[in-house]
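Heads up, data-v2.pdb below (PDB, C-alpha atoms and all ligand atoms):
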```pdb
ATOM      1  CA  MET F   1       6.100  -0.568   3.665
ATOM      2  CA  ILE F   2       5.801  -3.544   1.387
ATOM      3  CA  PRO F   3       2.466  -5.254   2.025
ATOM      4  CA  LYS F   4       2.625  -8.929   2.920
ATOM      5  CA  PHE F   5      -0.978  -9.838   2.117
ATOM      6  CA  ASN F   6      -3.262  -8.807  -0.717
ATOM      7  CA  VAL F   7      -7.000  -8.612  -0.142
ATOM      8  CA  GLY F   8      -9.973  -7.623  -2.263
ATOM      9  CA  TRP F   9      -8.697  -7.877  -5.807
ATOM     10  CA  LEU F  10     -11.986  -9.426  -6.879
ATOM     11  CA  SER F  11     -12.611 -11.085 -10.205
ATOM     12  CA  ARG F  12     -15.997 -11.293 -11.892
ATOM     13  CA  PHE F  13     -15.096 -14.871 -12.843
ATOM     14  CA  ARG F  14     -14.784 -16.074  -9.250
ATOM     15  CA  PRO F  15     -17.207 -16.001  -6.334
ATOM     16  CA  PHE F  16     -16.358 -13.877  -3.291
ATOM     17  CA  ALA F  17     -17.396 -13.834   0.370
ATOM     18  CA  GLU F  18     -20.475 -11.754   1.156
ATOM     19  CA  GLY F  19     -21.785 -10.356   4.412
ATOM     20  CA  ALA F  20     -22.217  -7.335   6.642
ATOM     21  CA  VAL F  21     -19.239  -5.114   7.458
ATOM     22  CA  ASP F  22     -18.969  -2.980  10.629
ATOM     23  CA  SER F  23     -19.519   0.739  10.252
ATOM     24  CA  GLU F  24     -16.130   1.361  11.937
ATOM     25  CA  VAL F  25     -14.427  -0.524   9.106
ATOM     26  CA  MET F  26     -16.352   1.541   6.541
ATOM     27  CA  ASP F  27     -15.353   4.772   8.303
ATOM     28  CA  ILE F  28     -11.676   3.785   8.245
ATOM     29  CA  LEU F  29     -11.918   2.784   4.589
ATOM     30  CA  ALA F  30     -13.642   6.073   3.759
ATOM     31  CA  PHE F  31     -10.730   7.935   5.314
ATOM     32  CA  GLN F  32      -8.263   5.812   3.370
ATOM     33  CA  VAL F  33      -9.796   6.134  -0.086
ATOM     34  CA  LYS F  34      -9.320   9.894   0.207
ATOM     35  CA  MET F  35      -5.559   9.278   0.137
ATOM     36  CA  PRO F  36      -4.773   6.145  -1.889
ATOM     37  CA  ARG F  37      -1.252   4.743  -2.089
ATOM     38  CA  GLY F  38       0.508   2.902  -4.915
ATOM     39  CA  ARG F  39      -1.187   5.190  -7.388
ATOM     40  CA  THR F  40      -1.390   4.108 -11.013
ATOM     41  CA  ARG F  41      -1.747   6.242 -14.114
ATOM     42  CA  GLY F  42      -4.894   4.461 -15.242
ATOM     43  CA  LYS F  43      -8.089   3.594 -13.408
ATOM     44  CA  TYR F  44      -9.322   0.046 -13.009
ATOM     45  CA  PRO F  45     -13.099  -0.167 -13.527
ATOM     46  CA  CYS F  46     -15.696  -2.205 -11.645
ATOM     47  CA  TYR F  47     -16.780  -5.241 -13.645
ATOM     48  CA  PHE F  48     -19.590  -6.156 -11.245
ATOM     49  CA  CYS F  49     -21.418  -2.983 -12.233
ATOM     50  CA  SER F  50     -21.426  -4.144 -15.853
ATOM     51  CA  ALA F  51     -22.493  -7.769 -15.785
ATOM     52  CA  PHE F  52     -23.451  -7.857 -19.448
ATOM     53  CA  ARG F  53     -20.639  -5.827 -20.876
ATOM     54  CA  ALA F  54     -17.029  -6.717 -21.453
ATOM     55  CA  LYS F  55     -15.960  -3.268 -20.351
ATOM     56  CA  GLY F  56     -16.089  -2.274 -16.727
ATOM     57  CA  VAL F  57     -17.612   0.886 -15.332
ATOM     58  CA  ALA F  58     -15.570   3.685 -13.787
ATOM     59  CA  VAL F  59     -16.706   4.166 -10.209
ATOM     60  CA  SER F  60     -16.289   6.820  -7.562
ATOM     61  CA  VAL F  61     -17.598   7.416  -4.070
ATOM     62  CA  GLU F  62     -18.844  10.560  -2.421
ATOM     63  CA  ILE F  63     -17.316  11.122   0.981
ATOM     64  CA  GLY F  64     -18.108  14.265   2.911
ATOM     65  CA  GLY F  65     -19.531  15.922  -0.189
ATOM     66  CA  VAL F  66     -16.405  15.268  -2.280
ATOM     67  CA  GLU F  67     -16.329  12.777  -5.133
ATOM     68  CA  HIS F  68     -13.344  10.401  -5.034
ATOM     69  CA  PRO F  69     -12.611   8.333  -8.155
ATOM     70  CA  LEU F  70     -11.684   4.724  -7.353
ATOM     71  CA  GLY F  71      -9.586   2.136  -9.158
ATOM     72  CA  GLY F  72      -6.314   4.028  -9.306
ATOM     73  CA  GLY F  73      -4.681   3.162  -6.016
ATOM     74  CA  GLU F  74      -4.641   0.976  -2.955
ATOM     75  CA  ILE F  75      -5.250   1.205   0.750
ATOM     76  CA  HIS F  76      -3.274  -0.400   3.578
ATOM     77  CA  ALA F  77      -4.046  -2.092   6.879
ATOM     78  CA  PHE F  78      -1.522  -2.620   9.681
ATOM     79  CA  SER F  79      -1.998  -5.375  12.239
ATOM     80  CA  LYS F  80      -0.695  -5.177  15.799
ATOM     81  CA  ASP F  81       1.743  -7.991  14.944
ATOM     82  CA  GLY F  82       3.259  -5.928  12.163
ATOM     83  CA  ASP F  83       1.539  -7.577   9.200
ATOM     84  CA  VAL F  84       0.691  -5.214   6.355
ATOM     85  CA  PHE F  85      -2.275  -5.777   4.056
ATOM     86  CA  ALA F  86      -2.949  -4.082   0.743
ATOM     87  CA  ALA F  87      -6.312  -3.802  -0.983
ATOM     88  CA  PRO F  88      -7.489  -1.878  -4.047
ATOM     89  CA  ASP F  89      -9.336   1.310  -3.135
ATOM     90  CA  LEU F  90     -12.222  -0.264  -5.070
ATOM     91  CA  ILE F  91     -12.753  -2.450  -1.999
ATOM     92  CA  TYR F  92     -14.861   0.385  -0.558
ATOM     93  CA  HIS F  93     -17.188   0.135  -3.550
ATOM     94  CA  TYR F  94     -17.145  -3.689  -3.561
ATOM     95  CA  ILE F  95     -18.338  -3.720   0.051
ATOM     96  CA  ARG F  96     -20.909  -0.965  -0.267
ATOM     97  CA  SER F  97     -22.377  -1.818  -3.661
ATOM     98  CA  HIS F  98     -21.745  -5.536  -4.096
ATOM     99  CA  GLY F  99     -21.958  -6.950  -0.561
ATOM    100  CA  TYR F 100     -18.329  -8.081  -0.390
ATOM    101  CA  ARG F 101     -17.061  -9.078   3.041
ATOM    102  CA  PRO F 102     -13.250  -8.986   3.317
ATOM    103  CA  PRO F 103     -11.378 -11.533   5.492
ATOM    104  CA  ASN F 104     -11.593 -10.973   9.259
ATOM    105  CA  ASP F 105      -7.791 -10.612   9.640
ATOM    106  CA  PHE F 106      -7.859  -7.688   7.246
ATOM    107  CA  MET F 107     -10.750  -5.950   8.990
ATOM    108  CA  LEU F 108      -9.091  -6.484  12.375
ATOM    109  CA  ALA F 109      -5.843  -4.985  11.048
ATOM    110  CA  LEU F 110      -7.773  -2.007   9.670
ATOM    111  CA  ALA F 111      -9.177  -1.329  13.126
ATOM    112  CA  GLU F 112      -5.869  -2.038  14.909
ATOM    113  CA  GLY F 113      -3.678   0.009  12.615
ATOM    114  CA  TRP F 114      -5.547   3.140  13.314
ATOM    115  CA  GLU F 115      -4.721   6.263  15.249
ATOM    116  CA  GLY F 116      -2.157   5.257  17.814
ATOM    117  CA  ARG F 117      -3.088   1.594  18.153
ATOM    118  CA  VAL F 118      -0.289   0.347  15.914
ATOM    119  CA  ASN F 119       3.041  -0.672  17.438
ATOM    120  CA  GLY F 120       6.032   1.652  17.724
ATOM    121  CA  SER F 121       8.298  -0.269  15.363
ATOM    122  CA  THR F 122       5.815   0.185  12.501
ATOM    123  CA  ILE F 123       5.920   3.934  13.093
ATOM    124  CA  ARG F 124       9.741   3.935  13.183
ATOM    125  CA  ILE F 125       9.915   1.982   9.900
ATOM    126  CA  LEU F 126       7.436   4.358   8.239
ATOM    127  CA  ARG F 127       9.362   7.448   9.391
ATOM    128  CA  GLU F 128      12.572   5.921   8.046
ATOM    129  CA  LEU F 129      10.860   5.343   4.674
ATOM    130  CA  VAL F 130       9.488   8.900   4.561
ATOM    131  CA  GLU F 131      13.022  10.227   4.929
ATOM    132  CA  ASN F 132      15.079   7.675   3.008
ATOM    133  CA  ALA F 133      13.057   5.471   0.616
ATOM    134  CA  PRO F 134      14.882   5.411  -2.746
ATOM    135  CA  ARG F 135      11.678   6.081  -4.735
ATOM    136  CA  ILE F 136      10.006   9.376  -3.954
ATOM    137  CA  GLU F 137       6.576   7.779  -4.548
ATOM    138  CA  ASP F 138       7.391   5.372  -1.702
ATOM    139  CA  ARG F 139       8.217   8.328   0.559
ATOM    140  CA  VAL F 140       4.795   9.816  -0.149
ATOM    141  CA  ASP F 141       3.066   6.473   0.412
ATOM    142  CA  ALA F 142       4.903   5.982   3.719
ATOM    143  CA  ALA F 143       3.872   9.493   4.801
ATOM    144  CA  ILE F 144       0.236   8.688   4.067
ATOM    145  CA  ASP F 145       0.559   5.361   5.900
ATOM    146  CA  LEU F 146       1.924   7.331   8.835
ATOM    147  CA  ILE F 147      -0.991   9.752   8.735
ATOM    148  CA  GLN F 148      -3.289   6.734   8.763
ATOM    149  CA  VAL F 149      -1.727   4.835  11.660
ATOM    150  CA  ALA F 150      -0.898   7.816  13.868
ATOM    151  CA  SER F 151      -2.111  11.122  12.472
ATOM    152  CA  ALA F 152      -2.115  12.896  15.845
ATOM    153  CA  SER F 153       1.556  12.224  16.549
ATOM    154  CA  SER F 154       2.719  12.361  12.925
ATOM    155  CA  ALA F 155       1.172  15.546  11.581
ATOM    156  CA  ASP F 156       3.647  17.873  13.292
ATOM    157  CA  TRP F 157       6.610  15.640  12.420
ATOM    158  CA  LEU F 158       5.562  15.504   8.749
ATOM    159  CA  SER F 159       4.953  19.262   8.651
ATOM    160  CA  GLU F 160       8.573  19.776   9.764
ATOM    161  CA  ILE F 161       9.972  17.185   7.338
ATOM    162  CA  VAL F 162       8.355  18.815   4.305
ATOM    163  CA  LYS F 163       9.822  22.196   5.281
ATOM    164  CA  LEU F 164      13.391  20.884   5.038
ATOM    165  CA  PRO F 165      15.292  22.114   1.970
ATOM    166  CA  THR F 166      16.293  18.489   1.281
ATOM    167  CA  CYS F 167      12.638  17.434   0.904
ATOM    168  CA  HIS F 168      11.745  16.629  -2.706
ATOM    169  CA  PRO F 169       9.136  19.106  -4.065
ATOM    170  CA  TYR F 170       6.851  16.245  -5.134
ATOM    171  CA  VAL F 171       6.915  14.765  -1.628
ATOM    172  CA  ARG F 172       6.248  18.210  -0.130
ATOM    173  CA  LYS F 173       3.260  18.837  -2.404
ATOM    174  CA  GLN F 174       1.670  15.411  -1.869
ATOM    175  CA  VAL F 175       2.206  15.321   1.893
ATOM    176  CA  GLU F 176       0.895  18.855   2.366
ATOM    177  CA  SER F 177      -2.257  18.018   0.432
ATOM    178  CA  ALA F 178      -2.731  14.819   2.497
ATOM    179  CA  LEU F 179      -2.303  16.794   5.733
ATOM    180  CA  ARG F 180      -4.980  19.239   4.583
ATOM    181  CA  LEU F 181      -7.456  16.338   4.502
ATOM    182  CA  LEU F 182      -7.087  15.764   8.245
TER     183      LEU F 182
HETATM  184 ZN    ZN I 201     -19.504  -2.017  -9.009
END
```

What does this structure look like when you write it as structure tokens?
Amino acid sequence: MIPKFNVGWLSRFRPFAEGAVDSEVMDILAFQVKMPRGRTRGKYPCYFCSAFRAKGVAVSVEIGGVEHPLGGGEIHAFSKDGDVFAAPDLIYHYIRSHGYRPPNDFMLALAEGWEGRVNGSTIRILRELVENAPRIEDRVDAAIDLIQVASASSADWLSEIVKLPTCHPYVRKQVESALRLL
């Protein structure tokens, strides 16, 4: 799904909001950074870790004993009203290491768009994208969004979809590896 709002693309040249963030939000973000969407070929560094250098620092986070490099993808949040937010996966690091506090609407959507709390039309749109999005990368991203918003009801459906002979091998590989993270 095409995100409507962008959050957390911080710049070292501009101030940002600071404050405490609920542990539930951090748990949801930790789950999300394991399967970033909108992946890029390069990795964007953190410039706040390198205040006196022009070059940023590559950052990663350890989640459940596994190191996840950040800066090469984004995470999504789905509100009950159907709004979709995108944020760089670096947002996890910005919050944990630099005290960033994202906007309340974004944090609310993160908590709402989580395991069965999102509305049915969002799930229908995501399933449609998994099957028919013109770009195969968008099919993978929609599958991961689906795992995020409703993993319990989507895992079986996705497992069947990737078995179909019409499923693109790239989609099959990416979705199967995302399902293994559940
Ligand atoms: Zn940093």

*What's the 10 Å shell around Leu108 of chain F, counting only C-alpha atoms, without same-chain residues fewer than 3 positions away, as a ChimeraX atom specification?*
/F:25,77-80,103-105,111-113

_Ser50 of chain F surroundings by only C-alpha atoms, 12 Å radius, close-in-sequence under 5 positions cut, as a PyMOL selection string_ = chain F and resi 12+45+55-59+98

*Applied to this file, what does the PyMOL selection byres (((not hetatm)) within 12 of (chain I and resi 201)) return in terms of residues, put as a ChimeraX atom specification?*
/F:10-12,44-51,55-61,70-71,90-100

*Top pick for closest residue to Ala20 of chain F, considering F:Ile2, F:Pro88, F:Lys34, F:Arg101 and counting only C-alpha atoms*: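 Smallest separation from Ala20 of chain F among the options: F:Arg101.
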
*asked:* So the first atom is atom CA of Leu158 of chain F and the second is atom CA of Arg124 of chain F; what is the distance between them in Å, to one decimal place?
replied: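 These atoms are spaced 13.1 Å apart.
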
*Among the residues F:Ile136, F:Ala54, F:Leu110, F:Ile125, the one that comes closest to Ile28 of chain F [using only C-alpha atoms]*: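 Ranking F:Ile136, F:Ala54, F:Leu110, F:Ile125 by distance to Ile28 of chain F, first place goes to F:Leu110.
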
*May I ask which of the residues F:Leu29, F:Phe85, F:Thr40, F:Pro69 is the closest one to Asn6 of chain F, counting only C-alpha atoms?*
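So, comparing all the options, the nearest one is F:Phe85.
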
*asked:* Calculated over all atoms listed in the file, which of the candidates F:Ile123, F:Ile63, F:Ile161, F:Ala152 has the smallest distance to Glu176 of chain F?
replied: F:Ile161

*What does the distance from atom CA of Pro165 of chain F to atom CA of Ala143 of chain F come to in Å, to one decimal?*
17.3 Å

*By how many Å are atom CA of Arg39 of chain F and atom CA of Arg139 of chain F apart?*
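Atom CA of Arg139 of chain F lies at a distance of 12.7 Å from atom CA of Arg39 of chain F.
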
*Between F:Tyr170, F:Val140, F:Pro102, F:Arg41, single out the one closest to Ala17 of chain F, counting only C-alpha atoms.*
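Of F:Tyr170, F:Val140, F:Pro102, F:Arg41, the one nearest Ala17 of chain F is F:Pro102, counting only C-alpha atoms.
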
*How would you write, as a VMD selection string, the residues chosen by the PyMOL selection byres (((chain F and resi 121) around 12) and not hetatm) on this structure?*
chain F and resid 1 78 to 83 117 to 120 122 to 128 146 149

Expected file: the selected residues, C-alpha atoms, as a PDB file, keeping the file's coordinate frame:
```pdb
ATOM      1  CA  MET F   1       6.100  -0.568   3.665  1.00  0.00           C
ATOM      2  CA  PHE F  78      -1.522  -2.620   9.681  1.00  0.00           C
ATOM      3  CA  SER F  79      -1.998  -5.375  12.239  1.00  0.00           C
ATOM      4  CA  LYS F  80      -0.695  -5.177  15.799  1.00  0.00           C
ATOM      5  CA  ASP F  81       1.743  -7.991  14.944  1.00  0.00           C
ATOM      6  CA  GLY F  82       3.259  -5.928  12.163  1.00  0.00           C
ATOM      7  CA  ASP F  83       1.539  -7.577   9.200  1.00  0.00           C
ATOM      8  CA  ARG F 117      -3.088   1.594  18.153  1.00  0.00           C
ATOM      9  CA  VAL F 118      -0.289   0.347  15.914  1.00  0.00           C
ATOM     10  CA  ASN F 119       3.041  -0.672  17.438  1.00  0.00           C
ATOM     11  CA  GLY F 120       6.032   1.652  17.724  1.00  0.00           C
ATOM     12  CA  THR F 122       5.815   0.185  12.501  1.00  0.00           C
ATOM     13  CA  ILE F 123       5.920   3.934  13.093  1.00  0.00           C
ATOM     14  CA  ARG F 124       9.741   3.935  13.183  1.00  0.00           C
ATOM     15  CA  ILE F 125       9.915   1.982   9.900  1.00  0.00           C
ATOM     16  CA  LEU F 126       7.436   4.358   8.239  1.00  0.00           C
ATOM     17  CA  ARG F 127       9.362   7.448   9.391  1.00  0.00           C
ATOM     18  CA  GLU F 128      12.572   5.921   8.046  1.00  0.00           C
ATOM     19  CA  LEU F 146       1.924   7.331   8.835  1.00  0.00           C
ATOM     20  CA  VAL F 149      -1.727   4.835  11.660  1.00  0.00           C
TER      21      VAL F 149
END
```

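Among the candidates F:His68, F:Lys43, F:Lys173, F:His168, the residue lying nearest to Glu131 of chain F is F:His168 (atoms considered: all atoms listed in the file).
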
Since the input is missing atoms, can you rebuild N, CA and C atoms for segment 127-162 of chain F and write them as a PDB file, keeping the file's coordinate frame?
```pdb
ATOM      1  N   ARG F 127       8.620   6.171   9.361  1.00  0.00           N
ATOM      2  CA  ARG F 127       9.362   7.448   9.391  1.00  0.00           C
ATOM      3  C   ARG F 127      10.669   7.329   8.615  1.00  0.00           C
ATOM      4  N   GLU F 128      11.321   6.174   8.781  1.00  0.00           N
ATOM      5  CA  GLU F 128      12.572   5.921   8.046  1.00  0.00           C
ATOM      6  C   GLU F 128      12.304   5.967   6.531  1.00  0.00           C
ATOM      7  N   LEU F 129      11.191   5.358   6.112  1.00  0.00           N
ATOM      8  CA  LEU F 129      10.860   5.343   4.674  1.00  0.00           C
ATOM      9  C   LEU F 129      10.540   6.746   4.167  1.00  0.00           C
ATOM     10  N   VAL F 130       9.825   7.530   4.974  1.00  0.00           N
ATOM     11  CA  VAL F 130       9.488   8.900   4.561  1.00  0.00           C
ATOM     12  C   VAL F 130      10.770   9.678   4.267  1.00  0.00           C
ATOM     13  N   GLU F 131      11.789   9.457   5.091  1.00  0.00           N
ATOM     14  CA  GLU F 131      13.022  10.227   4.929  1.00  0.00           C
ATOM     15  C   GLU F 131      13.967   9.647   3.891  1.00  0.00           C
ATOM     16  N   ASN F 132      13.987   8.283   3.777  1.00  0.00           N
ATOM     17  CA  ASN F 132      15.079   7.675   3.008  1.00  0.00           C
ATOM     18  C   ASN F 132      14.688   6.688   1.917  1.00  0.00           C
ATOM     19  N   ALA F 133      13.412   6.439   1.658  1.00  0.00           N
ATOM     20  CA  ALA F 133      13.057   5.471   0.616  1.00  0.00           C
ATOM     21  C   ALA F 133      13.652   5.933  -0.718  1.00  0.00           C
ATOM     22  N   PRO F 134      14.254   5.011  -1.483  1.00  0.00           N
ATOM     23  CA  PRO F 134      14.882   5.411  -2.746  1.00  0.00           C
ATOM     24  C   PRO F 134      13.886   6.041  -3.734  1.00  0.00           C
ATOM     25  N   ARG F 135      12.672   5.513  -3.805  1.00  0.00           N
ATOM     26  CA  ARG F 135      11.678   6.081  -4.735  1.00  0.00           C
ATOM     27  C   ARG F 135      10.869   7.154  -4.001  1.00  0.00           C
ATOM     28  N   ILE F 136      10.730   8.310  -4.639  1.00  0.00           N
ATOM     29  CA  ILE F 136      10.006   9.376  -3.954  1.00  0.00           C
ATOM     30  C   ILE F 136       8.524   9.011  -3.772  1.00  0.00           C
ATOM     31  N   GLU F 137       7.980   8.203  -4.707  1.00  0.00           N
ATOM     32  CA  GLU F 137       6.576   7.779  -4.548  1.00  0.00           C
ATOM     33  C   GLU F 137       6.414   6.960  -3.265  1.00  0.00           C
ATOM     34  N   ASP F 138       7.459   6.175  -2.929  1.00  0.00           N
ATOM     35  CA  ASP F 138       7.391   5.372  -1.702  1.00  0.00           C
ATOM     36  C   ASP F 138       7.455   6.262  -0.465  1.00  0.00           C
ATOM     37  N   ARG F 139       8.175   7.386  -0.578  1.00  0.00           N
ATOM     38  CA  ARG F 139       8.217   8.328   0.559  1.00  0.00           C
ATOM     39  C   ARG F 139       6.819   8.909   0.806  1.00  0.00           C
ATOM     40  N   VAL F 140       6.151   9.262  -0.284  1.00  0.00           N
ATOM     41  CA  VAL F 140       4.795   9.816  -0.149  1.00  0.00           C
ATOM     42  C   VAL F 140       3.855   8.764   0.442  1.00  0.00           C
ATOM     43  N   ASP F 141       3.945   7.536  -0.085  1.00  0.00           N
ATOM     44  CA  ASP F 141       3.066   6.473   0.412  1.00  0.00           C
ATOM     45  C   ASP F 141       3.308   6.210   1.897  1.00  0.00           C
ATOM     46  N   ALA F 142       4.591   6.209   2.300  1.00  0.00           N
ATOM     47  CA  ALA F 142       4.903   5.982   3.719  1.00  0.00           C
ATOM     48  C   ALA F 142       4.356   7.121   4.580  1.00  0.00           C
ATOM     49  N   ALA F 143       4.413   8.344   4.055  1.00  0.00           N
ATOM     50  CA  ALA F 143       3.872   9.493   4.801  1.00  0.00           C
ATOM     51  C   ALA F 143       2.370   9.336   4.990  1.00  0.00           C
ATOM     52  N   ILE F 144       1.688   8.861   3.967  1.00  0.00           N
ATOM     53  CA  ILE F 144       0.236   8.688   4.067  1.00  0.00           C
ATOM     54  C   ILE F 144      -0.087   7.519   5.009  1.00  0.00           C
ATOM     55  N   ASP F 145       0.722   6.454   4.936  1.00  0.00           N
ATOM     56  CA  ASP F 145       0.559   5.361   5.900  1.00  0.00           C
ATOM     57  C   ASP F 145       0.702   5.894   7.327  1.00  0.00           C
ATOM     58  N   LEU F 146       1.670   6.763   7.503  1.00  0.00           N
ATOM     59  CA  LEU F 146       1.924   7.331   8.835  1.00  0.00           C
ATOM     60  C   LEU F 146       0.737   8.178   9.302  1.00  0.00           C
ATOM     61  N   ILE F 147       0.192   8.944   8.398  1.00  0.00           N
ATOM     62  CA  ILE F 147      -0.991   9.752   8.735  1.00  0.00           C
ATOM     63  C   ILE F 147      -2.135   8.830   9.150  1.00  0.00           C
ATOM     64  N   GLN F 148      -2.224   7.690   8.452  1.00  0.00           N
ATOM     65  CA  GLN F 148      -3.289   6.734   8.763  1.00  0.00           C
ATOM     66  C   GLN F 148      -3.102   6.099  10.142  1.00  0.00           C
ATOM     67  N   VAL F 149      -1.895   5.605  10.423  1.00  0.00           N
ATOM     68  CA  VAL F 149      -1.727   4.835  11.660  1.00  0.00           C
ATOM     69  C   VAL F 149      -1.574   5.721  12.890  1.00  0.00           C
ATOM     70  N   ALA F 150      -1.127   6.958  12.702  1.00  0.00           N
ATOM     71  CA  ALA F 150      -0.898   7.816  13.868  1.00  0.00           C
ATOM     72  C   ALA F 150      -0.924   9.282  13.464  1.00  0.00           C
ATOM     73  N   SER F 151      -2.074   9.744  12.986  1.00  0.00           N
ATOM     74  CA  SER F 151      -2.111  11.122  12.472  1.00  0.00           C
ATOM     75  C   SER F 151      -1.807  12.153  13.553  1.00  0.00           C
ATOM     76  N   ALA F 152      -2.297  11.893  14.791  1.00  0.00           N
ATOM     77  CA  ALA F 152      -2.115  12.896  15.845  1.00  0.00           C
ATOM     78  C   ALA F 152      -0.637  13.137  16.136  1.00  0.00           C
ATOM     79  N   SER F 153       0.138  12.047  16.205  1.00  0.00           N
ATOM     80  CA  SER F 153       1.556  12.224  16.549  1.00  0.00           C
ATOM     81  C   SER F 153       2.421  12.465  15.315  1.00  0.00           C
ATOM     82  N   SER F 154       1.891  12.254  14.127  1.00  0.00           N
ATOM     83  CA  SER F 154       2.719  12.361  12.925  1.00  0.00           C
ATOM     84  C   SER F 154       2.554  13.671  12.184  1.00  0.00           C
ATOM     85  N   ALA F 155       1.442  14.344  12.384  1.00  0.00           N
ATOM     86  CA  ALA F 155       1.172  15.546  11.581  1.00  0.00           C
ATOM     87  C   ALA F 155       2.253  16.611  11.783  1.00  0.00           C
ATOM     88  N   ASP F 156       2.618  16.859  13.033  1.00  0.00           N
ATOM     89  CA  ASP F 156       3.647  17.873  13.292  1.00  0.00           C
ATOM     90  C   ASP F 156       4.995  17.449  12.714  1.00  0.00           C
ATOM     91  N   TRP F 157       5.329  16.157  12.926  1.00  0.00           N
ATOM     92  CA  TRP F 157       6.610  15.640  12.420  1.00  0.00           C
ATOM     93  C   TRP F 157       6.672  15.790  10.891  1.00  0.00           C
ATOM     94  N   LEU F 158       5.589  15.402  10.211  1.00  0.00           N
ATOM     95  CA  LEU F 158       5.562  15.504   8.749  1.00  0.00           C
ATOM     96  C   LEU F 158       5.620  16.965   8.293  1.00  0.00           C
ATOM     97  N   SER F 159       4.940  17.840   9.020  1.00  0.00           N
ATOM     98  CA  SER F 159       4.953  19.262   8.651  1.00  0.00           C
ATOM     99  C   SER F 159       6.375  19.817   8.693  1.00  0.00           C
ATOM    100  N   GLU F 160       7.174  19.336   9.674  1.00  0.00           N
ATOM    101  CA  GLU F 160       8.573  19.776   9.764  1.00  0.00           C
ATOM    102  C   GLU F 160       9.413  19.167   8.647  1.00  0.00           C
ATOM    103  N   ILE F 161       9.192  17.887   8.376  1.00  0.00           N
ATOM    104  CA  ILE F 161       9.972  17.185   7.338  1.00  0.00           C
ATOM    105  C   ILE F 161       9.817  17.871   5.977  1.00  0.00           C
ATOM    106  N   VAL F 162       8.569  18.245   5.640  1.00  0.00           N
ATOM    107  CA  VAL F 162       8.355  18.815   4.305  1.00  0.00           C
ATOM    108  C   VAL F 162       8.901  20.240   4.194  1.00  0.00           C
TER     109      VAL F 162
END
```
